[in-house]
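Enquirer: Sharing a structure, written as structure tokens. Questions coming.
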2 protein chains.
Amino acid sequence: MTSPPAFRRSEPDARRADLIAATARVLAREGTGGASVRAIAVEAGVSPGLVGHYFAGIDALVAATYAHVEHTVSEALDAAVAAAGPDPRARLDAFVTASFSPPIASGELLATWTAFWSLVRSRDDIARQHDEQYAAFRARLESLLAECGLPAPRLRHAAIAITALVDGLWLELCLSPQAFSADEAGTIARSVLDALTSSGR
Amino acid sequence: MTSPPAFRRSEPDARRADLIAATARVLAREGTGGASVRAIAVEAGVSPGLVGHYFAGIDALVAATYAHVEHTVSEALDAAVAAAGPDPRARLDAFVTASFSPPIASGELLATWTAFWSLVRSRDDIARQHDEQYAAFRARLESLLAECGLPAPRLRHAAIAITALVDGLWLELCLSPQAFSADEAGTIARSVLDALTSSGR
DNA sequence: ATGCTTGTTGGACAGTCGTACAACAACTGC
DNA sequence: GCAGTTGTTGTACGACTGTCCAACAAGCAT
């Protein structure tokens, strides 16, 4: 008489990914305050103790979740750019437009971001992670702007400006969706893009 | 033999202000996670139970602190605009420049903002507070833009754009101060301002 | 001086938190 | 089939959380 297995073993990477996905779901559903080790373990269908086996602590798990979500966002942006075809300006437009569409612009992602931001000031390693991911984001934007013929000396400031603009619009879109629509956000961003890519100095 | 008073009574408004100031200090020093009722009470030199006497809960205290900090920021911006003199464009420049200078652009304020943002999605009353304060911010910017001669139909989108840009720059300036300087942020914001106020459509 | 109002105290309360760890069992290689 | 490895469990632990409330005392009115 053999009873069914009480649990399944997973490959370390798969289990780690499960825990990260569960954390993202809990953050989306319960918000920053509800993302406890126990809640995440329940969400992942796993014992609470397992979290400590894969991550140094809850902060590390949140940081890993942020990295994963950031990666997902990156891929969505890359896909949008690739789908836009070869025209440089169309690619740039696709990049900013995608930032205001699902799955990127969703209130559910916001909790992951705020949870991560809360850790930046108190933990050096997480501050470094933020710096790297943000620099990568700006670098990708710089190359898109360069394709559009923006002169090299202006690339840095233009990329910082567009990044800030997109972030600010995205944030407000998540915080109060009724203030303006995703379409408006896209229109606004593209008009600033027009102004930056056409005007001199 | 009379012993000195064990505590002083305060006017309700003064005590409330004390608690809010203490909350702001704790948020700045310890971050979002360290802002507990007890930590705030110790910071204010007061018994933990008193917090419940003045605020419905810790969330209400955080919301009140955000409102207060926002008010301080508002006054700093108004002062900068007033000091800029009568020229409309100089006033607009002063507005954005002040956003990247102390006391507004300081990493210490960030924790107050993230703590508040964390509550927006889960609490309707706090979401409403955010909407109102954000709308007020945009309205002030709209009037500054109108003074600069921006045609009325473009006011709304321009104000949203500048608000988002300033917010994005401010946020990144607080999160990783070494990515770019406050001066650069000002330069960037003013150049976008140039582009928006000069170019057509 | 006495009483009254009420701001204030300090601790009790029931939870929840993150972490650590011994025991267990699923899988791998034999 | 058996042993060894290790992913996994469940719980215990101490510290902390927010909220509540009876007792106290500061200051005002009388």
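Residues are named by chain letter and number: chains run A, B, ... in the order of the structure tokens, numbers start at 1 in each chain, and ligands are numbered from 1 in the order shown.
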Name all residues at most 12 Å from DG15 in chain C (count only C-alpha atoms (C1' of nucleotides); drop same-chain ones fewer than 6 positions away) and give them as a compact mmCIF listing (two decimals) with N, CA and C atoms (P, O5', C5', C4', C3', O3' and C1' of nucleotides), in the first residue's frame.

Expert:
```txt
# COMPACT_ATOMS: atom_id res chain seq x y z
P DC D 16 13.13 43.78 18.85
O5' DC D 16 11.78 44.22 18.13
C5' DC D 16 11.65 44.01 16.73
C4' DC D 16 10.20 43.81 16.37
C3' DC D 16 9.26 44.95 16.75
O3' DC D 16 9.17 45.87 15.67
C1' DC D 16 8.25 42.77 16.97
P DT D 17 8.32 47.21 15.85
O5' DT D 17 6.87 46.85 15.32
C5' DT D 17 6.70 46.14 14.08
C4' DT D 17 5.27 45.64 13.97
C3' DT D 17 4.20 46.62 14.44
O3' DT D 17 3.94 47.54 13.42
C1' DT D 17 3.72 44.40 15.19
P DG D 18 3.29 48.94 13.82
O5' DG D 18 1.76 48.57 14.08
C5' DG D 18 1.00 47.96 13.06
C4' DG D 18 -0.41 47.72 13.54
C3' DG D 18 -1.15 48.96 14.02
O3' DG D 18 -2.51 48.91 13.64
C1' DG D 18 -0.94 47.44 15.81
P DT D 19 -3.48 50.10 14.01
O5' DT D 19 -4.25 49.55 15.30
C5' DT D 19 -4.80 48.23 15.25
C4' DT D 19 -5.36 47.85 16.62
C3' DT D 19 -6.21 48.93 17.28
O3' DT D 19 -7.49 48.40 17.58
C1' DT D 19 -4.60 48.05 18.81
```

Enquirer: With all Cα atoms paired residue by residue, do a least-squares superposition of chain B on chain A and hand back the transformed coordinates as a CSV table (one decimal) with C-alpha atoms, in the first residue's frame.

Expert:
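And here is the file that came out, selection_34.csv:
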```csv
chain,number,residue,atom,x,y,z
B,1,MET,CA,-0.4,0.2,0.1
B,2,THR,CA,1.7,3.1,-1.1
B,3,SER,CA,0.6,6.7,-0.4
B,4,PRO,CA,1.2,9.3,-3.0
B,5,PRO,CA,4.3,11.5,-2.5
B,6,ALA,CA,3.8,14.2,0.1
B,7,PHE,CA,5.7,16.6,-2.0
B,8,ARG,CA,7.7,16.8,-5.2
B,9,ARG,CA,11.3,17.8,-5.4
B,10,SER,CA,12.2,20.4,-7.9
B,11,GLU,CA,15.3,21.5,-9.7
B,12,PRO,CA,16.8,24.4,-7.8
B,13,ASP,CA,16.3,26.9,-10.6
B,14,ALA,CA,12.7,25.9,-11.2
B,15,ARG,CA,11.9,26.1,-7.5
B,16,ARG,CA,13.6,29.5,-7.3
B,17,ALA,CA,11.5,30.7,-10.2
B,18,ASP,CA,8.4,29.4,-8.6
B,19,LEU,CA,9.1,31.4,-5.4
B,20,ILE,CA,9.8,34.5,-7.4
B,21,ALA,CA,6.6,34.1,-9.4
B,22,ALA,CA,4.7,33.6,-6.1
B,23,THR,CA,6.2,36.7,-4.6
B,24,ALA,CA,5.2,38.7,-7.6
B,25,ARG,CA,1.6,37.5,-7.3
B,26,VAL,CA,1.5,38.2,-3.6
B,27,LEU,CA,2.9,41.7,-4.1
B,28,ALA,CA,0.3,42.3,-6.8
B,29,ARG,CA,-2.6,41.0,-4.7
B,30,GLU,CA,-1.7,42.1,-1.2
B,31,GLY,CA,0.6,45.0,-1.7
B,32,THR,CA,4.0,45.6,-0.1
B,33,GLY,CA,2.8,45.0,3.4
B,34,GLY,CA,1.4,41.6,2.8
B,35,ALA,CA,4.4,40.1,1.2
B,36,SER,CA,5.6,37.9,4.2
B,37,VAL,CA,7.6,34.7,4.0
B,38,ARG,CA,4.5,32.7,5.1
B,39,ALA,CA,2.2,34.3,2.6
B,40,ILE,CA,4.6,33.7,-0.2
B,41,ALA,CA,5.1,30.1,0.8
B,42,VAL,CA,1.4,29.5,0.9
B,43,GLU,CA,1.1,31.1,-2.6
B,44,ALA,CA,3.8,28.8,-3.9
B,45,GLY,CA,2.3,25.8,-2.2
B,46,VAL,CA,5.4,25.2,-0.2
B,47,SER,CA,6.6,25.1,3.3
B,48,PRO,CA,7.7,28.4,4.9
B,49,GLY,CA,11.1,27.1,5.7
B,50,LEU,CA,11.9,26.5,2.1
B,51,VAL,CA,12.2,30.2,1.4
B,52,GLY,CA,15.2,30.4,3.6
B,53,HIS,CA,16.7,27.6,1.8
B,54,TYR,CA,16.8,29.4,-1.5
B,55,PHE,CA,17.1,33.0,-0.5
B,56,ALA,CA,19.2,34.7,2.2
B,57,GLY,CA,16.1,36.5,3.5
B,58,ILE,CA,12.9,38.2,2.5
B,59,ASP,CA,14.8,41.2,1.2
B,60,ALA,CA,16.8,39.0,-1.2
B,61,LEU,CA,13.6,37.5,-2.5
B,62,VAL,CA,12.1,40.8,-3.1
B,63,ALA,CA,15.2,41.9,-4.9
B,64,ALA,CA,15.2,38.8,-7.0
B,65,THR,CA,11.5,39.4,-7.8
B,66,TYR,CA,12.3,42.9,-8.9
B,67,ALA,CA,15.1,41.7,-11.1
B,68,HIS,CA,12.8,39.1,-12.7
B,69,VAL,CA,9.9,41.6,-13.3
B,70,GLU,CA,12.4,44.0,-14.7
B,71,HIS,CA,13.6,41.3,-17.1
B,72,THR,CA,10.1,40.6,-18.2
B,73,VAL,CA,9.5,44.3,-18.8
B,74,SER,CA,12.7,44.4,-20.8
B,75,GLU,CA,11.6,41.5,-23.0
B,76,ALA,CA,8.2,43.1,-23.6
B,77,LEU,CA,9.9,46.3,-24.7
B,78,ASP,CA,12.3,44.5,-26.9
B,79,ALA,CA,9.5,42.6,-28.5
B,80,ALA,CA,7.6,45.8,-29.2
B,81,VAL,CA,10.6,47.4,-30.7
B,82,ALA,CA,11.3,44.3,-32.9
B,83,ALA,CA,7.7,44.3,-34.1
B,84,ALA,CA,7.9,47.9,-35.1
B,85,GLY,CA,10.1,47.1,-38.1
B,86,PRO,CA,13.3,48.9,-39.3
B,87,ASP,CA,12.3,52.6,-39.1
B,88,PRO,CA,14.2,54.1,-36.2
B,89,ARG,CA,11.6,56.5,-35.2
B,90,ALA,CA,8.9,53.9,-35.3
B,91,ARG,CA,11.0,51.7,-33.1
B,92,LEU,CA,11.4,54.5,-30.6
B,93,ASP,CA,7.7,55.2,-30.6
B,94,ALA,CA,7.0,51.5,-30.0
B,95,PHE,CA,9.3,51.6,-27.1
B,96,VAL,CA,7.5,54.3,-25.2
B,97,THR,CA,4.1,53.2,-26.3
B,98,ALA,CA,4.7,49.7,-24.9
B,99,SER,CA,5.6,51.2,-21.6
B,100,PHE,CA,2.0,52.4,-21.1
B,101,SER,CA,0.3,49.2,-22.2
B,102,PRO,CA,-0.2,45.9,-20.5
B,103,PRO,CA,1.6,44.0,-19.2
B,104,ILE,CA,4.0,46.8,-18.3
B,105,ALA,CA,1.6,49.5,-17.2
B,106,SER,CA,-0.4,47.6,-14.6
B,107,GLY,CA,-1.1,48.6,-11.1
B,108,GLU,CA,0.0,45.1,-10.1
B,109,LEU,CA,3.6,45.8,-10.9
B,110,LEU,CA,3.6,48.9,-8.8
B,111,ALA,CA,3.8,47.0,-5.5
B,112,THR,CA,6.9,45.3,-6.7
B,113,TRP,CA,8.5,48.6,-7.6
B,114,THR,CA,7.7,50.3,-4.4
B,115,ALA,CA,8.8,47.3,-2.3
B,116,PHE,CA,12.1,47.4,-4.1
B,117,TRP,CA,12.5,51.2,-3.9
B,118,SER,CA,11.9,50.9,-0.1
B,119,LEU,CA,15.0,48.8,0.1
B,120,VAL,CA,17.3,50.9,-2.0
B,121,ARG,CA,18.3,53.4,0.6
B,122,SER,CA,19.0,50.9,3.4
B,123,ARG,CA,20.8,48.2,1.5
B,124,ASP,CA,23.9,48.8,-0.5
B,125,ASP,CA,23.7,45.7,-2.6
B,126,ILE,CA,20.2,46.5,-3.6
B,127,ALA,CA,21.2,50.1,-4.4
B,128,ARG,CA,23.8,48.7,-6.7
B,129,GLN,CA,21.3,46.4,-8.4
B,130,HIS,CA,19.1,49.4,-9.0
B,131,ASP,CA,21.9,51.4,-10.5
B,132,GLU,CA,22.8,48.6,-12.9
B,133,GLN,CA,19.3,47.9,-14.1
B,134,TYR,CA,18.6,51.6,-14.5
B,135,ALA,CA,21.8,52.2,-16.4
B,136,ALA,CA,20.9,49.3,-18.7
B,137,PHE,CA,17.5,50.8,-19.3
B,138,ARG,CA,19.0,54.2,-20.2
B,139,ALA,CA,21.7,52.5,-22.4
B,140,ARG,CA,19.0,50.8,-24.5
B,141,LEU,CA,17.2,54.1,-24.9
B,142,GLU,CA,20.4,55.8,-25.9
B,143,SER,CA,21.0,53.3,-28.7
B,144,LEU,CA,17.4,53.8,-30.0
B,145,LEU,CA,17.9,57.6,-29.9
B,146,ALA,CA,21.2,57.2,-31.7
B,147,GLU,CA,19.5,55.2,-34.5
B,148,CYS,CA,17.2,58.2,-34.9
B,149,GLY,CA,20.2,60.3,-35.7
B,150,LEU,CA,20.5,62.2,-32.5
B,151,PRO,CA,24.0,63.6,-32.2
B,152,ALA,CA,26.2,61.8,-29.7
B,153,PRO,CA,26.7,64.7,-27.3
B,154,ARG,CA,23.0,65.0,-26.7
B,155,LEU,CA,22.4,61.3,-26.2
B,156,ARG,CA,23.0,61.2,-22.5
B,157,HIS,CA,20.7,64.0,-21.5
B,158,ALA,CA,18.0,62.9,-24.0
B,159,ALA,CA,18.0,59.4,-22.6
B,160,ILE,CA,17.8,60.6,-19.0
B,161,ALA,CA,14.9,62.9,-20.0
B,162,ILE,CA,12.9,60.2,-21.8
B,163,THR,CA,13.6,57.7,-19.1
B,164,ALA,CA,12.4,60.1,-16.4
B,165,LEU,CA,9.3,61.1,-18.5
B,166,VAL,CA,8.3,57.5,-19.2
B,167,ASP,CA,8.8,56.6,-15.5
B,168,GLY,CA,6.8,59.5,-14.3
B,169,LEU,CA,4.0,58.8,-16.7
B,170,TRP,CA,4.1,55.1,-15.9
B,171,LEU,CA,4.0,55.8,-12.2
B,172,GLU,CA,1.1,58.2,-12.3
B,173,LEU,CA,-0.8,55.9,-14.6
B,174,CYS,CA,-0.5,53.1,-12.1
B,175,LEU,CA,-1.3,55.3,-9.1
B,176,SER,CA,-4.3,57.0,-10.4
B,177,PRO,CA,-5.5,55.5,-13.7
B,178,GLN,CA,-8.3,58.0,-14.1
B,179,ALA,CA,-6.1,61.1,-14.2
B,180,PHE,CA,-5.2,60.4,-17.8
B,181,SER,CA,-5.4,57.5,-20.2
B,182,ALA,CA,-2.7,55.2,-21.5
B,183,ASP,CA,-3.3,56.7,-24.9
B,184,GLU,CA,-2.8,60.2,-23.6
B,185,ALA,CA,0.5,59.1,-22.0
B,186,GLY,CA,1.6,57.7,-25.3
B,187,THR,CA,0.7,60.9,-27.1
B,188,ILE,CA,2.4,63.0,-24.6
B,189,ALA,CA,5.6,61.0,-24.6
B,190,ARG,CA,5.7,61.0,-28.4
B,191,SER,CA,5.2,64.7,-28.6
B,192,VAL,CA,8.2,65.2,-26.2
B,193,LEU,CA,10.1,62.8,-28.4
B,194,ASP,CA,9.3,64.9,-31.4
B,195,ALA,CA,10.5,68.0,-29.7
B,196,LEU,CA,13.7,66.4,-28.5
B,197,THR,CA,14.6,64.8,-31.8
B,198,SER,CA,13.8,67.7,-34.1
B,199,SER,CA,14.8,70.8,-32.2
B,200,GLY,CA,18.5,71.9,-32.1
B,201,ARG,CA,20.5,72.2,-28.9
```

Enquirer: Which residues of chain D have any atom within 7 Å of an atom in chain A when counting only C-alpha atoms (C1' of nucleotides), and what is the closest pair of atoms for each, with the distance in Å to one decimal? Order the rows by chain and rising number and write it as JSON lines.

Expert:
```
{"residue": "D:DG7", "atom": "C1'", "partner": "A:Arg9", "partner_atom": "CA", "distance": 6.0}
{"residue": "D:DT8", "atom": "C1'", "partner": "A:Leu50", "partner_atom": "CA", "distance": 6.8}
{"residue": "D:DT9", "atom": "C1'", "partner": "A:Ser47", "partner_atom": "CA", "distance": 6.3}
```

Enquirer: Please identify every residue of chain C that has at least one atom no more than 12 Å from any atom of chain A, counting only C-alpha atoms (C1' of nucleotides), and report them as an MDAnalysis selection string.

Expert: chainID C and resid 16:21 24:27

Enquirer: Residues of the last selection are to be written out with C-alpha atoms (C1' of nucleotides), as a short mmCIF file (atom, residue, chain, number, x, y, z; two decimals), in the first residue's frame.

Expert:
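Wrote part.cif, looks like this:
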```
data_model
loop_
_atom_site.label_atom_id
_atom_site.label_comp_id
_atom_site.auth_asym_id
_atom_site.auth_seq_id
_atom_site.Cartn_x
_atom_site.Cartn_y
_atom_site.Cartn_z
"C1'" DT C 16 2.54 38.20 12.77
"C1'" DC C 17 7.07 38.78 11.60
"C1'" DG C 18 11.84 36.51 9.90
"C1'" DT C 19 14.95 33.02 10.97
"C1'" DA C 20 16.87 28.65 12.37
"C1'" DC C 21 16.98 23.81 12.71
"C1'" DC C 24 11.73 13.41 7.36
"C1'" DA C 25 11.24 11.69 2.70
"C1'" DA C 26 11.94 11.98 -2.41
"C1'" DC C 27 15.04 11.05 -5.66
#
```

Enquirer: Run DSSP on the backbone and grab whatever in range 63-166 of chain B lands in alpha helix (DSSP H); send it over as a count of residues only.

Expert: 85

Enquirer: When distances are computed from only C-alpha atoms (C1' of nucleotides), which of C:DA22, C:DA1, C:DT28, C:DT6 shows the smallest separation from DT6 in chain D?

Expert: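 Answer, going by the shortest atom-to-atom distance: C:DT28.
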
Enquirer: So which residues touch DC4 in chain C within 12 Å, counting only C-alpha atoms (C1' of nucleotides), skipping near sequence neighbours fewer than 2 positions away, as a PDB file with C-alpha atoms (C1' of nucleotides), in the first residue's frame?

Expert:
```
ATOM      1  C1'  DT C   2     -11.318  71.026  45.164  1.00  0.00           C
ATOM      2  C1'  DT C   6      -9.156  64.892  29.200  1.00  0.00           C
TER       3       DT C   6
ATOM      4  C1'  DA D  26      -1.880  67.882  34.386  1.00  0.00           C
ATOM      5  C1'  DG D  27      -4.206  71.872  33.936  1.00  0.00           C
ATOM      6  C1'  DC D  28      -8.549  74.583  33.983  1.00  0.00           C
ATOM      7  C1'  DA D  29     -12.863  76.165  36.117  1.00  0.00           C
ATOM      8  C1'  DT D  30     -15.005  76.919  40.070  1.00  0.00           C
TER       9       DT D  30
END
```

Enquirer: For C1' of DC13 in chain C and C1' of DG10 in chain D, quote the distance in Å rounded to one decimal.

Expert: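 Interatomic distance here is 26.2 Å.
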
Enquirer: Please measure the separation of C1' of DT8 in chain C and C1' of DA15 in chain D, giving the value in Å to one decimal.

Expert: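 Those two atoms sit 26.4 Å apart.
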